[in-house]
Amino acid sequence: MNPPLKKQISSRLNFQSPGHQDYRVQSSFLGLRQSEIEAYELILKFIEQENMSKMDKLRFLRAVETLSSAVHTQANGCMNDYYPQTILAKKIETLILEESTASLDSNILQQAMLCTVALSQVNPPFNLSQKLDMVNASISIMFSLPLILPSVDRREGANLYIQTSQALDDMLQALVMEDMNPSMLILQKFLEAILPWVTLSEKEYEQTRALGAMSRLLRFICNFSELLHMSLFSISGTLMGILGLLCVHSNRDVSSEASEALHYLFKILVLQRSVKPKIETILKDLQKHFRGQLLFSMQDLTLFFKKYLTPSERADVIIVIIESMTSANLQDIRAASKVLKVLVKHSIPEIGKVSEIVRYICYHMNHVTDTTALNSMKKIFLLLAQSYTDEVILTLFKIEDRSQKGVRQPWKILASFPKGFELILGHLMQRLKPHPTPVEEELGRRPELSPLIATRAIHELLLEPSRRLEVQTFFSSLFLALLFRVSFLVFEGREETLENQPYETEWVNPISFSTDTLKTLISSSGYGDHVAYIQELGGWEKLVDPETHYQGVTLMARSLVVKNCWHNRPIFSLLIRSLQDPDCASHVTALVLLAELLQCQDVISSVDDIATHVLASWFKREELATVKALLQVTEIFAKHKNMLRRLRILQPHVLNCCYSPDPDVAMETFLTLQRLLQDLKWQHSSSFLTQLAFMLPTFFEAESEPLRLKAFQVYASLLTMTKRNVLLLPLRYQLLNLIVPLVLHMKDQNTEVGQICQFSLCKTATILGWSRLRVVFASEDVFTILRALLQQEPNKGPWFLKQCVILFKSPQAPLRQIAVWFAGQIIQVLSQEDMDGIEDEYSSLRLMERDPDPMVSCLTRQTLYVLEAKDKLLLDQTYTSCLCWRRPRRS
């Protein structure tokens, strides 16, 4: 191996040493011993020499060690007072790098590392860069030495190697310290320098040496309870992954050293990340497995992976394992697959760097040839997709958008496992719902899919043919989720921008893409003929247009009914479940779809009281589109005899809609009532029809001509279906109560209303058995009809008078005028007994003198004058004044 960290000496070092005389003068005042002065002299002598002999090198190194010891014993000693420390360190590094890697035939390397230890103990301390230079130089020589096999003739060389190896350990341990405690930041740098010898070397003895050095250094760290910069030590995961893989290495020395290093790493994590009461117990259990069987090492690895690593560190473990799967070495691939299988056997804990793992898998998956490794890679990818769906999907799209071509392999993997496919699809459906107002993303918060990206992901999954059965299972819920998404975009999200969604591509049109995904769902579920049917009716074009969107929804539902879709009942059940939420954003779409689905016999037969009450609760919205759909549901219920009981639940809400302040809602309700009367029978709906008869007169005096006309039309329809055999007391009372209004409205300013009123009068006469009046109603004018009515039914005079008083408030002056005239006619023919009970009606008549219409007020005064004249005549004839107190003369 030729590691990149090994320095090649291609040029001489140029030392800038101070003048000898200056330091000799200083030395006489520093109280050095003779041996220390001599050492100092040697340093000055050899510091600038090149091509030094082995003996001179050893003399120089011993001199530096001697002077360092002298400075160390001084209270405030500093090497720079004698000679610049940086120059000495650079000279030592140079001597190390000059050592041969072909053989170890002297103790120069050993002495240089021990000299480094001595120099590190004095001020000024080494900086990090100096430490790394020393370590890199030492390990590049030490690890590159050829393998020393044990033999009698090589015993001396083996002993020298052992001593030199110990010197390396001493140097690493000395340099890792910072203020009496190990620095984990420095440790990380040292380990990063050593790791390439483990991962890149093809020589097992080099790996063994590097692992041994790591193991002994980690064991040294375990002796300290307080470690500096532990929070900055970020390679625990990488280290655990590498060592875990090497634990199953075929070479016993490599696996043994790796297992030992992993043990000490575990021990450090326990000491630093466990609560104190449990540390002792955990360490005892860990010690039992030390240098034990492979099974115990894997158990410990799994335990520490799940409990002692951070999410980011766990990701590092997985990345290391996946990298090993791409190796050309089959043994490494099998080891990686084995370790990964153990780590994620039951469940996967929280993982960081998901995007990085996914990218690595996608980029290298096609290069993995081993089936076991490929299956392991697919498994970890699927587990990540199930646990971190949003991050995985976003990463896949970023890869796809940058690669200029579709990346199908990951989508095939997601679709290859039924359970995983269902989990991912379910999660994506939840993401289709509109997001709340976006807030600034919190630091460290995992990204979330936007509805558009979720739609795009669903589209990709639907393109995979392997999961047709699962798509069928999800059809109903996914169909509704996509349809609701389209509705939201059409009405509220047309201005949806991509400013806060950096992962979305600019070419995507949210509405058209969501519609295309809906088409793909229908086709991939085996309903391709539905797509063509909707297309023939222009449904897809209507669906994306705000003006015709609900027509498009109706056509989609109609295709389900006409084609007898198996999912009609599940879709209906989901619609009811959605409508149970009073804040359902797509309630209009749901109701329109539901109303059309009720045309299917299987669906209408599944409606129960709970579903009906859910529907009834939406009447209170009083939105035209909502009420219109609910009224359509009411009409469908009326066409099925088995739904009459549930129709009664909706009927009160229908009647309440007549009073809506929205004229369009009221008009739509009257139109529905008129159609309902074609299907209802008195035998089953007598209560509702009676309520309707009592409710309609409220609208006979409506100022809106269309509404007034429709009220009279509905009443005429009600009379048409009424027979004499169903004429119970309440209804008979109401029919009589509306005689006068019908007669007067024959003069309604809307001629069509007058015609309908005449028709209604004839129907009323038929129902009541008024044969003579029926002839009059059919052919005579209003005044003749009123005279004939009063003549035939004189005993109902007070009743007719009350009806006249109601019409005094009519907005139409001609009707008020006729009402005043008829009231006068009635009062003139009342008996004395009836006159005693009309004080309120007479007072109302007197108030008509103030009517804004001059003809009405004039007629009122004339009528009152006639009545008062009649009263006076009666007084003269009977010599009584029984009426004077009731009707004082008009002043």
# chains A, B, ... in the order shown; residues from 1 in each chain; ligands from 1

$ residues_around --residues "stretch 855-869 of chain A" --least-positions-apart "5" --cutoff "6 Å" --atoms "only C-alpha atoms" --output "ChimeraX atom specification"
/A:817,824,848-849

$ residues_around --residues "A:Val135" --least-positions-apart "4" --cutoff "12 Å" --atoms "only C-alpha atoms" --output "PDB file with C-alpha atoms, in the first residue's frame"
ATOM      1  CA  LEU A   5      -0.951  10.333   4.061  1.00  0.00           C
ATOM      2  CA  LYS A   6       2.696   9.198   3.637  1.00  0.00           C
ATOM      3  CA  LYS A   7       4.934  12.171   2.864  1.00  0.00           C
ATOM      4  CA  ALA A  89       9.466  19.286  15.797  1.00  0.00           C
ATOM      5  CA  ILE A  92      12.116  15.191  14.173  1.00  0.00           C
ATOM      6  CA  GLU A  93       9.377  14.730  11.567  1.00  0.00           C
ATOM      7  CA  ILE A  96      11.040   9.956  10.861  1.00  0.00           C
ATOM      8  CA  LEU A  97      10.189  10.282   7.187  1.00  0.00           C
ATOM      9  CA  ALA A 112      12.113   9.866  17.348  1.00  0.00           C
ATOM     10  CA  MET A 113       8.643   9.008  18.661  1.00  0.00           C
ATOM     11  CA  THR A 116       8.252  13.604  20.365  1.00  0.00           C
ATOM     12  CA  VAL A 117       6.649  12.466  23.615  1.00  0.00           C
ATOM     13  CA  LEU A 128      -3.082  20.318  16.236  1.00  0.00           C
ATOM     14  CA  SER A 129      -1.347  20.638  12.894  1.00  0.00           C
ATOM     15  CA  GLN A 130       2.022  19.690  14.427  1.00  0.00           C
ATOM     16  CA  LYS A 131       0.497  16.691  16.162  1.00  0.00           C
ATOM     17  CA  ILE A 139       2.268   5.653  11.024  1.00  0.00           C
ATOM     18  CA  SER A 140       3.266   5.966   7.367  1.00  0.00           C
ATOM     19  CA  ILE A 141       6.610   4.377   8.252  1.00  0.00           C
ATOM     20  CA  MET A 142       5.456   2.061  11.009  1.00  0.00           C
ATOM     21  CA  PHE A 143       2.494   0.489   9.237  1.00  0.00           C
ATOM     22  CA  ALA A 167       6.775   3.976  21.270  1.00  0.00           C
ATOM     23  CA  LEU A 168       4.060   4.770  18.710  1.00  0.00           C
ATOM     24  CA  ASP A 169       1.409   4.046  21.329  1.00  0.00           C
ATOM     25  CA  ASP A 170       3.197   6.275  23.818  1.00  0.00           C
ATOM     26  CA  MET A 171       3.371   9.073  21.285  1.00  0.00           C
ATOM     27  CA  LEU A 172      -0.306   8.785  20.331  1.00  0.00           C
ATOM     28  CA  GLN A 173      -1.339   8.785  23.968  1.00  0.00           C
ATOM     29  CA  ALA A 174       0.864  11.776  24.768  1.00  0.00           C
ATOM     30  CA  LEU A 175      -0.291  13.811  21.802  1.00  0.00           C
ATOM     31  CA  VAL A 176      -4.008  13.089  22.355  1.00  0.00           C
ATOM     32  CA  ILE A 186      -7.677  15.323  18.598  1.00  0.00           C
ATOM     33  CA  LEU A 187      -8.597  11.642  18.940  1.00  0.00           C
ATOM     34  CA  LYS A 189      -8.150  13.484  13.853  1.00  0.00           C
ATOM     35  CA  PHE A 190      -5.771  10.658  14.838  1.00  0.00           C
ATOM     36  CA  LEU A 191      -8.353   7.985  14.050  1.00  0.00           C
ATOM     37  CA  GLU A 192      -9.101   9.619  10.722  1.00  0.00           C
ATOM     38  CA  ALA A 193      -5.385   9.406   9.956  1.00  0.00           C
ATOM     39  CA  ILE A 194      -5.239   5.721  10.888  1.00  0.00           C
ATOM     40  CA  ALA A 213      -2.944   1.041  17.337  1.00  0.00           C
TER      41      ALA A 213
END

$ residues_around --residues "A:Phe233" --least-positions-apart "6" --cutoff "8 Å" --atoms "only C-alpha atoms" --output "list in words"
Met184, Leu185 and Gln188 of chain A

$ residues_around --residues "A:Ser717" --least-positions-apart "3" --cutoff "12 Å" --atoms "only C-alpha atoms" --output "number ranges by chain"
A: 670-671, 673-680, 689, 692-693, 696, 710-714, 720-722, 756-757, 759-760, 763-764

$ closest_residue --among "A:Ile318, A:Leu58, A:Leu598, A:Val553" --to "A:Gly352" --atoms "only C-alpha atoms"
A:Ile318

$ select_by_dssp --residues "stretch 697-875 of chain A" --states "alpha helix (DSSP H)" --output "ChimeraX atom specification"
/A:705-720,729-737,739-744,751-768,771-779,782-792,797-807,813-829,832-835,839-847,854-875

$ select_by_dssp --residues "stretch 145-333 of chain A" --states "strand (DSSP E)" --output "PyMOL selection string"
chain A and resi 177-178+181-182

$ closest_residue --among "A:Gln386, A:Ser106, A:Thr208, A:Gln632" --to "A:Thr672" --atoms "only C-alpha atoms"
A:Gln632

$ atom_distance --atom1 "atom CA of A:Ser685" --atom2 "atom CA of A:Gln734"
17.0 Å

$ residues_around --residues "A:Lys641" --least-positions-apart "5" --cutoff "12 Å" --atoms "only C-alpha atoms" --output "list in words"
Ile604, Ser605, Glu635, Ile636, Arg646, Leu647, Arg648, Asp679, Leu680, Lys681, Gln683, His684 and Ser685 of chain A

$ write_last_selection --atoms "C-alpha atoms" --output "tab-separated table (two decimals), in the first residue's frame"
chain	number	residue	atom	x	y	z
A	604	ILE	CA	-78.90	3.51	-2.11
A	605	SER	CA	-79.54	0.23	-0.32
A	635	GLU	CA	-85.28	13.78	-4.64
A	636	ILE	CA	-83.49	10.43	-5.03
A	646	ARG	CA	-85.01	8.40	5.98
A	647	LEU	CA	-86.58	10.98	3.71
A	648	ARG	CA	-88.50	12.23	6.74
A	679	ASP	CA	-93.16	11.17	-6.26
A	680	LEU	CA	-94.77	11.59	-2.83
A	681	LYS	CA	-98.12	10.09	-1.83
A	683	GLN	CA	-100.60	7.81	2.27
A	684	HIS	CA	-96.92	7.92	3.28
A	685	SER	CA	-96.17	11.66	3.47

$ residues_around --residues "A:Leu104" --least-positions-apart "2" --cutoff "9 Å" --atoms "only C-alpha atoms" --output "number ranges by chain"
A: 99-102, 106-107, 109, 142, 145-146, 157, 160-161

$ decode --residues "stretch 107-192 of chain A" --atoms "C-alpha atoms" --output "PDB file, in the first residue's frame"
ATOM      1  CA  ASN A 107      15.847   2.282  16.871  1.00  0.00           C
ATOM      2  CA  ILE A 108      15.833   5.733  15.234  1.00  0.00           C
ATOM      3  CA  LEU A 109      12.072   5.582  14.602  1.00  0.00           C
ATOM      4  CA  GLN A 110      11.485   4.468  18.170  1.00  0.00           C
ATOM      5  CA  GLN A 111      13.729   7.213  19.536  1.00  0.00           C
ATOM      6  CA  ALA A 112      12.113   9.866  17.348  1.00  0.00           C
ATOM      7  CA  MET A 113       8.643   9.008  18.661  1.00  0.00           C
ATOM      8  CA  LEU A 114       9.873   8.975  22.270  1.00  0.00           C
ATOM      9  CA  CYS A 115      11.592  12.293  21.617  1.00  0.00           C
ATOM     10  CA  THR A 116       8.252  13.604  20.365  1.00  0.00           C
ATOM     11  CA  VAL A 117       6.649  12.466  23.615  1.00  0.00           C
ATOM     12  CA  ALA A 118       9.264  14.341  25.644  1.00  0.00           C
ATOM     13  CA  LEU A 119       8.927  17.475  23.525  1.00  0.00           C
ATOM     14  CA  SER A 120       5.130  17.385  23.871  1.00  0.00           C
ATOM     15  CA  GLN A 121       5.435  17.627  27.661  1.00  0.00           C
ATOM     16  CA  VAL A 122       6.994  21.092  27.673  1.00  0.00           C
ATOM     17  CA  ASN A 123       5.848  24.543  26.709  1.00  0.00           C
ATOM     18  CA  PRO A 124       4.851  25.704  24.232  1.00  0.00           C
ATOM     19  CA  PRO A 125       2.451  22.803  23.531  1.00  0.00           C
ATOM     20  CA  PHE A 126       2.115  21.342  20.062  1.00  0.00           C
ATOM     21  CA  ASN A 127      -0.718  22.714  17.982  1.00  0.00           C
ATOM     22  CA  LEU A 128      -3.082  20.318  16.236  1.00  0.00           C
ATOM     23  CA  SER A 129      -1.347  20.638  12.894  1.00  0.00           C
ATOM     24  CA  GLN A 130       2.022  19.690  14.427  1.00  0.00           C
ATOM     25  CA  LYS A 131       0.497  16.691  16.162  1.00  0.00           C
ATOM     26  CA  LEU A 132      -1.096  15.447  12.966  1.00  0.00           C
ATOM     27  CA  ASP A 133       2.159  15.846  11.043  1.00  0.00           C
ATOM     28  CA  MET A 134       3.978  13.754  13.638  1.00  0.00           C
ATOM     29  CA  VAL A 135       1.298  11.063  13.682  1.00  0.00           C
ATOM     30  CA  ASN A 136       1.010  10.854   9.898  1.00  0.00           C
ATOM     31  CA  ALA A 137       4.783  10.600   9.522  1.00  0.00           C
ATOM     32  CA  SER A 138       5.103   7.909  12.186  1.00  0.00           C
ATOM     33  CA  ILE A 139       2.268   5.653  11.024  1.00  0.00           C
ATOM     34  CA  SER A 140       3.266   5.966   7.367  1.00  0.00           C
ATOM     35  CA  ILE A 141       6.610   4.377   8.252  1.00  0.00           C
ATOM     36  CA  MET A 142       5.456   2.061  11.009  1.00  0.00           C
ATOM     37  CA  PHE A 143       2.494   0.489   9.237  1.00  0.00           C
ATOM     38  CA  SER A 144       4.380   0.126   5.938  1.00  0.00           C
ATOM     39  CA  LEU A 145       7.096  -2.085   7.395  1.00  0.00           C
ATOM     40  CA  PRO A 146       7.068  -5.614   6.010  1.00  0.00           C
ATOM     41  CA  LEU A 147       5.485  -8.427   7.956  1.00  0.00           C
ATOM     42  CA  ILE A 148       7.830  -9.761  10.641  1.00  0.00           C
ATOM     43  CA  LEU A 149       7.202 -13.478  11.060  1.00  0.00           C
ATOM     44  CA  PRO A 150       8.259 -15.069  14.377  1.00  0.00           C
ATOM     45  CA  SER A 151      11.498 -17.048  14.002  1.00  0.00           C
ATOM     46  CA  VAL A 152      14.694 -17.725  15.962  1.00  0.00           C
ATOM     47  CA  ASP A 153      16.921 -15.679  13.662  1.00  0.00           C
ATOM     48  CA  ARG A 154      14.508 -12.726  13.633  1.00  0.00           C
ATOM     49  CA  ARG A 155      13.910 -12.505  17.361  1.00  0.00           C
ATOM     50  CA  GLU A 156      15.961  -9.341  17.690  1.00  0.00           C
ATOM     51  CA  GLY A 157      14.068  -7.658  14.845  1.00  0.00           C
ATOM     52  CA  ALA A 158      10.735  -8.695  16.366  1.00  0.00           C
ATOM     53  CA  ASN A 159      11.695  -7.251  19.731  1.00  0.00           C
ATOM     54  CA  LEU A 160      12.726  -4.000  18.042  1.00  0.00           C
ATOM     55  CA  TYR A 161       9.392  -3.842  16.243  1.00  0.00           C
ATOM     56  CA  ILE A 162       7.515  -4.407  19.503  1.00  0.00           C
ATOM     57  CA  GLN A 163       9.468  -1.634  21.198  1.00  0.00           C
ATOM     58  CA  THR A 164       8.870   0.715  18.287  1.00  0.00           C
ATOM     59  CA  SER A 165       5.176  -0.123  18.285  1.00  0.00           C
ATOM     60  CA  GLN A 166       5.059   0.664  21.985  1.00  0.00           C
ATOM     61  CA  ALA A 167       6.775   3.976  21.270  1.00  0.00           C
ATOM     62  CA  LEU A 168       4.060   4.770  18.710  1.00  0.00           C
ATOM     63  CA  ASP A 169       1.409   4.046  21.329  1.00  0.00           C
ATOM     64  CA  ASP A 170       3.197   6.275  23.818  1.00  0.00           C
ATOM     65  CA  MET A 171       3.371   9.073  21.285  1.00  0.00           C
ATOM     66  CA  LEU A 172      -0.306   8.785  20.331  1.00  0.00           C
ATOM     67  CA  GLN A 173      -1.339   8.785  23.968  1.00  0.00           C
ATOM     68  CA  ALA A 174       0.864  11.776  24.768  1.00  0.00           C
ATOM     69  CA  LEU A 175      -0.291  13.811  21.802  1.00  0.00           C
ATOM     70  CA  VAL A 176      -4.008  13.089  22.355  1.00  0.00           C
ATOM     71  CA  MET A 177      -3.847  14.847  25.713  1.00  0.00           C
ATOM     72  CA  GLU A 178      -4.863  18.435  26.284  1.00  0.00           C
ATOM     73  CA  ASP A 179      -4.545  19.917  29.793  1.00  0.00           C
ATOM     74  CA  MET A 180      -4.330  16.583  31.599  1.00  0.00           C
ATOM     75  CA  ASN A 181      -7.366  15.084  29.808  1.00  0.00           C
ATOM     76  CA  PRO A 182      -7.791  13.466  26.415  1.00  0.00           C
ATOM     77  CA  SER A 183      -9.252  15.634  23.684  1.00  0.00           C
ATOM     78  CA  MET A 184     -11.858  13.787  21.618  1.00  0.00           C
ATOM     79  CA  LEU A 185     -11.361  16.264  18.817  1.00  0.00           C
ATOM     80  CA  ILE A 186      -7.677  15.323  18.598  1.00  0.00           C
ATOM     81  CA  LEU A 187      -8.597  11.642  18.940  1.00  0.00           C
ATOM     82  CA  GLN A 188     -10.920  11.948  15.973  1.00  0.00           C
ATOM     83  CA  LYS A 189      -8.150  13.484  13.853  1.00  0.00           C
ATOM     84  CA  PHE A 190      -5.771  10.658  14.838  1.00  0.00           C
ATOM     85  CA  LEU A 191      -8.353   7.985  14.050  1.00  0.00           C
ATOM     86  CA  GLU A 192      -9.101   9.619  10.722  1.00  0.00           C
TER      87      GLU A 192
END
